[in-house]
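Enquirer: Coordinates in input_27.txt, compact mmCIF, C-alpha atoms, are listed below.
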# COMPACT_ATOMS: atom_id res chain seq x y z
CA MET A 261 135.03 -75.74 -29.61
CA TYR A 262 138.04 -74.55 -31.61
CA ARG A 263 138.24 -77.91 -33.35
CA PHE A 264 134.69 -77.57 -34.77
CA PHE A 265 135.44 -74.26 -36.45
CA THR A 266 138.83 -75.03 -37.99
CA ALA A 267 137.66 -77.85 -40.26
CA PRO A 268 134.84 -75.83 -41.89
CA LEU A 269 137.08 -72.76 -42.20
CA LEU A 270 139.82 -74.84 -43.77
CA PHE A 271 137.30 -76.37 -46.18
CA VAL A 272 135.95 -72.94 -47.18
CA SER A 273 139.50 -71.63 -47.62
CA LEU A 274 140.36 -74.55 -49.90
CA ILE A 275 137.25 -73.91 -51.98
CA LEU A 276 138.11 -70.21 -52.34
CA ILE A 277 141.70 -70.99 -53.31
CA SER A 278 140.54 -73.67 -55.73
CA ASN A 279 137.92 -71.41 -57.33
CA SER A 280 140.35 -68.52 -57.72
CA ALA A 281 142.83 -70.85 -59.45
CA VAL A 282 140.11 -72.12 -61.77
CA ALA A 283 138.96 -68.59 -62.57
CA GLN A 284 142.45 -67.65 -63.74
CA ARG A 285 142.72 -70.58 -66.17
CA PRO A 286 141.46 -69.82 -69.70
CA SER A 287 138.37 -71.75 -70.73
CA SER A 288 140.22 -73.20 -73.73
CA PRO A 289 143.94 -73.32 -72.88
CA ARG A 290 146.59 -73.10 -75.59
CA GLY A 291 148.09 -76.27 -76.98
CA GLU A 292 150.95 -77.11 -79.25
CA ALA A 293 151.65 -80.19 -81.35
CA SER A 294 155.07 -80.41 -82.92
CA THR A 295 157.34 -82.83 -84.70
CA GLN A 296 160.79 -82.64 -86.17
CA ILE A 297 161.87 -84.11 -89.48
CA GLY A 298 165.63 -83.74 -89.94
CA ASP A 299 166.40 -80.19 -88.85
CA ALA A 300 162.93 -78.93 -89.80
CA TRP A 301 160.06 -78.35 -87.38
CA ILE A 302 156.34 -78.64 -88.06
CA VAL A 303 154.33 -76.94 -85.32
CA VAL A 304 150.58 -76.60 -84.77
CA ASP A 305 149.47 -73.90 -82.30
CA TYR A 306 145.84 -74.18 -81.20
CA SER A 307 143.32 -73.76 -78.38
CA ARG A 308 142.00 -76.87 -76.64
CA PRO A 309 138.27 -76.71 -75.82
CA ILE A 310 136.95 -79.15 -73.21
CA LEU A 311 133.68 -81.11 -73.40
CA ARG A 312 132.56 -79.90 -69.94
CA GLY A 313 129.91 -82.61 -69.77
CA ARG A 314 128.59 -82.01 -73.27
CA THR A 315 127.89 -85.03 -75.44
CA ASN A 316 127.51 -85.50 -79.18
CA ILE A 317 129.70 -82.41 -79.63
CA PHE A 318 129.52 -82.52 -83.44
CA GLY A 319 125.76 -83.21 -83.56
CA SER A 320 123.98 -85.01 -86.35
CA GLY A 321 121.87 -84.44 -89.44
CA GLU A 322 121.36 -80.84 -90.58
CA ASP A 323 122.85 -79.55 -87.31
CA TYR A 324 126.10 -81.49 -87.71
CA GLY A 325 129.04 -79.28 -86.75
CA THR A 326 127.03 -76.21 -85.76
CA MET A 327 127.80 -76.58 -82.04
CA VAL A 328 131.50 -76.02 -82.74
CA THR A 329 131.34 -73.71 -85.78
CA GLY A 330 128.60 -71.36 -84.59
CA PRO A 331 127.82 -68.90 -87.41
CA ALA A 332 131.23 -69.43 -89.09
CA PRO A 333 131.28 -71.34 -92.40
CA VAL A 334 133.97 -73.80 -91.19
CA TRP A 335 135.50 -74.97 -87.89
CA ARG A 336 138.70 -73.34 -86.64
CA ALA A 337 139.90 -76.79 -85.43
CA GLY A 338 139.93 -75.70 -81.80
CA ALA A 339 138.68 -72.56 -80.07
CA ASN A 340 139.47 -68.85 -79.86
CA LYS A 341 141.89 -67.71 -82.58
CA SER A 342 142.33 -69.90 -85.62
CA THR A 343 144.64 -72.89 -85.42
CA ARG A 344 148.03 -72.18 -87.01
CA LEU A 345 150.45 -74.56 -88.74
CA SER A 346 154.05 -73.50 -89.20
CA THR A 347 156.43 -75.61 -91.26
CA ASP A 348 160.17 -75.29 -91.88
CA VAL A 349 160.00 -77.84 -94.71
CA SER A 350 157.83 -78.00 -97.83
CA LEU A 351 155.09 -80.61 -97.49
CA MET A 352 152.69 -82.51 -99.72
CA ILE A 353 149.15 -82.62 -98.34
CA GLY A 354 146.27 -83.95 -100.39
CA GLY A 355 148.46 -83.93 -103.50
CA VAL A 356 149.26 -80.21 -103.12
CA GLN A 357 152.69 -78.81 -102.33
CA VAL A 358 152.68 -76.59 -99.25
CA ASP A 359 155.68 -74.27 -99.13
CA THR A 360 157.50 -73.44 -95.91
CA GLY A 361 155.66 -70.82 -93.89
CA GLU A 362 152.67 -70.30 -91.64
CA TYR A 363 149.06 -71.19 -92.42
CA SER A 364 145.64 -71.33 -90.77
CA ILE A 365 143.97 -74.73 -90.37
CA PHE A 366 140.20 -75.09 -90.75
CA VAL A 367 137.91 -78.10 -91.11
CA ASP A 368 134.75 -78.21 -93.21
CA LEU A 369 132.50 -80.44 -91.11
CA LYS A 370 129.99 -82.68 -92.82
CA GLU A 371 128.63 -85.79 -91.15
CA GLY A 372 130.94 -88.66 -92.11
CA ASN A 373 132.97 -86.36 -94.38
CA TRP A 374 135.50 -83.89 -92.95
CA THR A 375 137.62 -81.73 -95.25
CA PHE A 376 141.00 -80.48 -94.04
CA ILE A 377 141.66 -76.89 -95.13
CA LEU A 378 145.02 -75.18 -95.08
CA SER A 379 144.55 -71.48 -95.69
CA SER A 380 146.79 -68.51 -96.35
CA HIS A 381 144.56 -66.30 -94.14
CA GLN A 382 146.91 -64.03 -92.23
CA ALA A 383 146.70 -61.83 -89.16
CA LYS A 384 146.48 -58.54 -91.07
CA GLU A 385 142.99 -59.52 -92.19
CA SER A 386 141.73 -59.71 -88.61
CA GLY A 387 143.68 -56.84 -87.04
CA ARG A 388 145.73 -59.25 -84.93
CA GLU A 389 149.48 -59.32 -84.52
CA PRO A 390 151.53 -61.34 -87.06
CA GLY A 391 151.37 -65.04 -86.27
CA GLU A 392 148.07 -64.65 -84.43
CA GLY A 393 145.80 -65.77 -87.27
CA LEU A 394 142.13 -64.98 -87.61
CA TRP A 395 139.86 -64.92 -84.59
CA GLY A 396 137.93 -68.12 -85.09
CA ALA A 397 136.75 -68.74 -88.62
CA TYR A 398 134.32 -65.84 -88.88
CA GLU A 399 136.32 -64.06 -91.61
CA TYR A 400 137.23 -67.26 -93.45
CA THR A 401 136.85 -67.21 -97.23
CA ASP A 402 137.66 -70.11 -99.53
CA ASP A 403 139.63 -67.93 -101.97
CA LYS A 404 142.60 -68.23 -99.56
CA ASP A 405 142.55 -72.06 -99.53
CA VAL A 406 145.91 -73.65 -100.28
CA VAL A 407 144.76 -77.24 -99.60
CA ARG A 408 141.34 -78.87 -99.37
CA ALA A 409 141.65 -82.60 -98.75
CA PRO A 410 139.42 -85.31 -97.25
CA MET A 411 140.30 -86.52 -93.76
CA LEU A 412 140.09 -90.12 -92.62
CA LEU A 413 137.49 -90.47 -89.85
CA ASP A 414 137.55 -93.16 -87.17
CA GLU A 415 135.51 -93.73 -84.04
CA LEU A 416 137.47 -93.94 -80.80
CA GLU A 417 136.65 -96.48 -78.09
CA VAL A 418 137.21 -93.80 -75.44
CA SER A 419 135.98 -90.23 -75.03
CA VAL A 420 138.69 -87.57 -75.35
CA ASP A 421 137.62 -84.76 -73.00
CA GLN A 422 139.94 -82.03 -74.31
CA PHE A 423 140.38 -81.43 -78.04
CA THR A 424 143.81 -82.73 -79.02
CA ILE A 425 145.98 -82.38 -82.11
CA GLY A 426 149.03 -84.59 -82.53
CA PHE A 427 151.40 -86.23 -84.95
CA TYR A 428 151.89 -89.98 -85.32
CA ASP A 429 153.72 -92.50 -87.51
CA VAL A 430 156.29 -89.80 -88.33
CA THR A 431 159.32 -90.79 -90.43
CA ASP A 432 161.86 -88.86 -92.50
CA GLN A 433 159.35 -89.03 -95.36
CA GLY A 434 156.27 -87.68 -93.56
CA GLY A 435 153.58 -88.75 -91.13
CA ILE A 436 150.00 -88.21 -90.05
CA LEU A 437 148.39 -85.16 -88.45
CA ALA A 438 145.49 -86.19 -86.20
CA MET A 439 142.66 -84.42 -84.38
CA MET A 440 140.78 -86.11 -81.53
CA TRP A 441 137.73 -85.02 -79.59
CA GLU A 442 135.01 -86.94 -77.84
CA ASP A 443 134.82 -90.22 -79.79
CA THR A 444 136.09 -88.88 -83.14
CA LEU A 445 139.56 -89.26 -84.63
CA ALA A 446 140.17 -87.33 -87.85
CA SER A 447 143.52 -87.61 -89.59
CA ILE A 448 145.35 -86.56 -92.73
CA PRO A 449 148.69 -87.82 -94.04
CA PHE A 450 151.48 -85.51 -95.13
CA MET A 451 154.74 -86.13 -96.96
CA VAL A 452 157.94 -84.14 -97.15
CA ALA A 453 158.02 -82.57 -100.63
CA GLN A 454 160.87 -83.79 -102.84
Show me, as C-alpha cells, the structure contained in the file I just sent.
Expert:
Amino acid sequence: MYRFFTAPLLFVSLILISNSAVAQRPSSPRGEASTQIGDAWIVVDYSRPILRGRTNIFGSGEDYGTMVTGPAPVWRAGANKSTRLSTDVSLMIGGVQVDTGEYSIFVDLKEGNWTFILSSHQAKESGREPGEGLWGAYEYTDDKDVVRAPMLLDELEVSVDQFTIGFYDVTDQGGILAMMWEDTLASIPFMVAQ
C-alpha cells in the first residue's frame, strides 16, 4: 500500500518544486553580449524574450512588427527596459562616428527593411537609475538618434527560440553585431574609429 502512495506524492512534489522554480524566473531573462578589441570592451545588455510557441513573431504586411513593438514607434530590440550598448572605444556604424559611452539600441521594423538605431536616450528621461535606459521604447523620440543605418537581413534555417544578440567576425578593426530570433538574422557591421 505504501508503495502506491509514494510515487504519486513524489510526482506531485516534483511538479510543485518545478513550478515554483519556473515562477521565480523572469519571463524575459537578462542577457549580455560582449566583445573585446584591444583593451576596450563593447557590451550589449538586453532582455531575451522567448517565442513560447508563437510563430511568425514579426508578422507580415501592415501588421509587421506590431507583435513585438506594441504601441511603441520602434522595437527595443528585446523586452522590458531598452537594450543598452556600452563602448570603451569610438566606433563607426553606418558611416557615423559613435563616441565612447552608453547608448540605447532600437530597431525600426519594416518588412524586409530593418533600421538599426543607436540613441542617446538616457535613464533620466524615464525616471530609472543611470544605466537603466528607457522602459521599452514607449518614450522613444527620433531627435535623440545618433545612428540610423540599414541592417542586413537573412533567413535562418533553424528557429531561434530565445532572442539572441551576439558579435561575430570580430577583428582589431571591427566586426558585426547580430540579432537572431525565430528564423530572422539581422546584422550590422561596425568599425573601430581611427
Enquirer: Have a look at CA of Ala409 in chain A and CA of Phe318 in chain A and let me know their distance in Å, one decimal.
Expert: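 Between CA of Ala409 in chain A and CA of Phe318 in chain A the gap is 19.5 Å.
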Enquirer: List the neighbours of range 359-366 of chain A out to 10 Å using all atoms listed in the file; skip same-chain residues closer than 3 positions along the sequence, and give me the result as an MDAnalysis selection string.
Expert: chainID A and resid 300 302:306 333:338 341:352 356 369 375:383 391:394 396:397 400 404:408 453
Enquirer: Pick from A:Thr315, A:Thr401, A:Thr431, A:Ser287: nearest to Pro449 in chain A, with only C-alpha atoms counted?
Expert: A:Thr431
Enquirer: List the neighbours of Gly319 in chain A out to 10 Å using all atoms listed in the file; skip same-chain residues closer than 6 positions along the sequence, and give me the result as a PyMOL selection string.
Expert: chain A and resi 325-328+371
Enquirer: Got time to write the residues from that selection, C-alpha atoms, as a JSON list (two decimals), in the coordinates of the input?
Expert:
[["chain", "number", "residue", "atom", "x", "y", "z"],
["A", 325, "GLY", "CA", 129.04, -79.28, -86.75],
["A", 326, "THR", "CA", 127.03, -76.21, -85.76],
["A", 327, "MET", "CA", 127.80, -76.58, -82.04],
["A", 328, "VAL", "CA", 131.50, -76.02, -82.74],
["A", 371, "GLU", "CA", 128.63, -85.79, -91.15]]
Enquirer: Which of these, A:Asp421, A:Gln357, A:Gly330, A:Thr295, has the shortest distance to Met451 in chain A once you count all atoms listed in the file?
Expert: A:Gln357
Enquirer: Hey, can you check how far CA of Tyr428 in chain A sits from CA of Leu413 in chain A?
Expert: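 CA of Leu413 in chain A lies 15.1 Å from CA of Tyr428 in chain A.
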Enquirer: Determine the nearest neighbour of Ile448 in chain A from the options A:Glu399, A:Asp299, A:Asp429, A:Glu322, counting all atoms listed in the file.
Expert: A:Asp429
Enquirer: CA of Leu412 in chain A and CA of Trp374 in chain A, how far apart in Å?
Expert: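 Atom-to-atom, CA of Trp374 in chain A to CA of Leu412 in chain A, that is 7.7 Å.
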Enquirer: Using all atoms listed in the file, which of the listed residues (A:Val358, A:Thr424, A:Arg308, A:Tyr398) sits closest to Ala332 in chain A?
Expert: A:Tyr398
Enquirer: With all atoms listed in the file as the basis for distance, which of A:Val420, A:Met411, A:Ile297, A:Ile353 is at the shortest distance from Asn316 in chain A?
Expert: A:Val420
